[in-house]
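Chemist: Structure file coords36.cif, mmCIF, C-alpha atoms, is pasted below:
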data_model
loop_
_atom_site.group_PDB
_atom_site.id
_atom_site.type_symbol
_atom_site.label_atom_id
_atom_site.label_comp_id
_atom_site.auth_asym_id
_atom_site.auth_seq_id
_atom_site.Cartn_x
_atom_site.Cartn_y
_atom_site.Cartn_z
ATOM 1 C CA MET A 171 97.632 96.982 102.984
ATOM 2 C CA ASN A 172 99.391 100.249 102.304
ATOM 3 C CA LYS A 173 103.026 101.172 101.892
ATOM 4 C CA VAL A 174 103.914 104.250 103.937
ATOM 5 C CA LEU A 175 107.190 105.982 102.987
ATOM 6 C CA PHE A 176 109.184 108.277 105.260
ATOM 7 C CA PHE A 177 111.806 110.834 104.241
ATOM 8 C CA ALA A 178 114.605 112.724 106.020
ATOM 9 C CA HIS A 179 114.298 112.938 109.820
ATOM 10 C CA LEU A 180 111.033 110.977 109.782
ATOM 11 C CA ARG A 181 112.891 107.970 108.374
ATOM 12 C CA ASP A 182 115.426 108.289 111.198
ATOM 13 C CA ALA A 183 112.664 108.518 113.826
ATOM 14 C CA VAL A 184 110.825 105.442 112.524
ATOM 15 C CA GLY A 185 114.025 103.507 111.834
ATOM 16 C CA GLU A 186 112.711 102.258 108.496
ATOM 17 C CA GLU A 187 112.421 103.665 104.980
ATOM 18 C CA PHE A 188 108.838 102.430 104.794
ATOM 19 C CA LEU A 189 106.203 100.499 106.717
ATOM 20 C CA ARG A 190 103.340 98.317 105.581
ATOM 21 C CA VAL A 191 100.180 99.244 107.465
ATOM 22 C CA ASP A 192 96.449 98.774 107.015
ATOM 23 C CA ALA A 193 95.300 102.359 106.451
ATOM 24 C CA ALA A 194 92.395 101.706 104.073
ATOM 25 C CA GLY A 195 89.351 103.758 105.034
ATOM 26 C CA LYS A 196 91.331 106.177 107.217
ATOM 27 C CA THR A 197 91.967 109.772 106.328
ATOM 28 C CA VAL A 198 95.504 111.071 105.902
ATOM 29 C CA GLY A 199 95.010 113.032 109.134
ATOM 30 C CA GLU A 200 93.958 109.909 111.047
ATOM 31 C CA LEU A 201 97.001 108.033 109.758
ATOM 32 C CA LYS A 202 99.288 110.902 110.814
ATOM 33 C CA THR A 203 97.827 110.840 114.335
ATOM 34 C CA GLU A 204 98.187 107.066 114.591
ATOM 35 C CA LEU A 205 101.787 107.025 113.340
ATOM 36 C CA ALA A 206 102.815 109.963 115.538
ATOM 37 C CA ALA A 207 101.572 108.080 118.610
ATOM 38 C CA ASN A 208 102.952 104.650 117.661
ATOM 39 C CA TYR A 209 106.407 105.784 116.566
ATOM 40 C CA ASP A 210 107.011 108.814 118.788
ATOM 41 C CA LEU A 211 107.226 111.023 115.706
ATOM 42 C CA PRO A 212 107.352 114.797 115.911
ATOM 43 C CA LYS A 213 104.172 116.635 115.009
ATOM 44 C CA LEU A 214 103.243 115.782 111.465
ATOM 45 C CA ASP A 215 101.133 118.903 110.820
ATOM 46 C CA THR A 216 103.934 120.593 108.847
ATOM 47 C CA VAL A 217 104.698 117.485 106.803
ATOM 48 C CA MET A 218 103.605 117.288 103.174
ATOM 49 C CA THR A 219 101.732 114.120 102.299
ATOM 50 C CA ALA A 220 101.487 112.397 98.947
ATOM 51 C CA VAL A 221 99.096 109.585 98.084
ATOM 52 C CA ASN A 222 100.110 107.672 94.977
ATOM 53 C CA GLU A 223 102.663 110.395 94.178
ATOM 54 C CA GLU A 224 100.100 113.228 94.255
ATOM 55 C CA PHE A 225 99.956 115.729 97.103
ATOM 56 C CA ALA A 226 97.043 115.089 99.444
ATOM 57 C CA GLN A 227 95.178 116.969 102.168
ATOM 58 C CA ASP A 228 94.475 115.596 105.643
ATOM 59 C CA ASP A 229 90.838 114.842 104.775
ATOM 60 C CA GLU A 230 91.667 112.557 101.832
ATOM 61 C CA VAL A 231 90.563 108.966 102.435
ATOM 62 C CA ILE A 232 93.195 106.299 101.843
ATOM 63 C CA GLN A 233 92.199 103.312 99.724
ATOM 64 C CA ASP A 234 93.564 99.766 99.941
ATOM 65 C CA GLY A 235 96.829 99.545 97.998
ATOM 66 C CA ASP A 236 97.528 103.291 98.068
ATOM 67 C CA GLU A 237 101.121 104.372 98.661
ATOM 68 C CA VAL A 238 101.427 107.195 101.194
ATOM 69 C CA ALA A 239 104.564 109.312 101.557
ATOM 70 C CA PHE A 240 105.407 111.800 104.320
ATOM 71 C CA ILE A 241 107.815 114.519 103.212
ATOM 72 C CA PRO A 242 109.088 117.051 105.747
ATOM 73 C CA PRO A 243 109.701 120.682 104.758
ATOM 74 C CA VAL A 244 112.948 121.259 102.928
ATOM 75 C CA SER A 245 115.249 124.155 103.649
ATOM 76 C CA GLY A 246 117.929 125.352 101.313
ATOM 77 C CA GLY A 247 120.555 127.925 100.963
#
Translate this structure into structure tokens?
Modeler:
Amino acid sequence: MNKVLFFAHLRDAVGEEFLRVDAAGKTVGELKTELAANYDLPKLDTVMTAVNEEFAQDDEVIQDGDEVAFIPPVSGG
């Protein structure tokens, strides 16, 4: 199992701070596609992804027990 964390508007869209899903063997991109469809999330192509607190690309394969975080772009002033 994997813990998937959501931040900012993604957390609001999912309704939870995190989910536990079986993502082992999937790529980050595959997980994004699956979550976008299951939770009616906005496009996740602009979202930064971290696996075990290190930024990851869409082709990175998720291992069992990995923690995945989706972090939307931040704007400031």
Chemist: Using the file's own x, y and z axes, so that the box edges lie along x, y and z, what centre and edge lengths in Å (one decimal) does a box around every listed atom of range 212-218 of chain A get when 8 Å is added on each side? Give it as lines of an AutoDock Vina configuration file.
Modeler:
center_x = 104.2
center_y = 117.7
center_z = 109.5
size_x = 22.2
size_y = 21.8
size_z = 28.7
Chemist: Evaluate the PyMOL selection byres ((chain A and resi 187-195) around 6) and record the selected residues as a list in words, following the chain and residue labels used in the document.
Modeler: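 Taken over the shown coordinates, the PyMOL selection byres ((chain A and resi 187-195) around 6) returns Met171, Asn172, Lys173, Val174, Leu175, Phe176, Arg181, Glu186, Lys196, Val231, Ile232, Gln233 and Asp234 of chain A.
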Chemist: Grab the CA of Pro212 in chain A to CA of Ala178 in chain A distance for me, in Å with one decimal place.
Modeler: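 So the answer is 12.4 Å.
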Chemist: Please write as a ChimeraX atom specification the full residue list that the PyMOL selection byres ((chain A and resi 215-225) around 10) yields on this file.
Modeler: /A:173-176,180,198-199,202-203,212-214,226-228,230-233,235-244
Chemist: Skip Ala183 in chain A itself and residues of its chain fewer than 5 positions away, then list as a list in words all residues within 8 Å of it, counting all atoms listed in the file.
Modeler: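 Within the cut-off, the hits are Tyr209, Asp210 and Leu211 of chain A.
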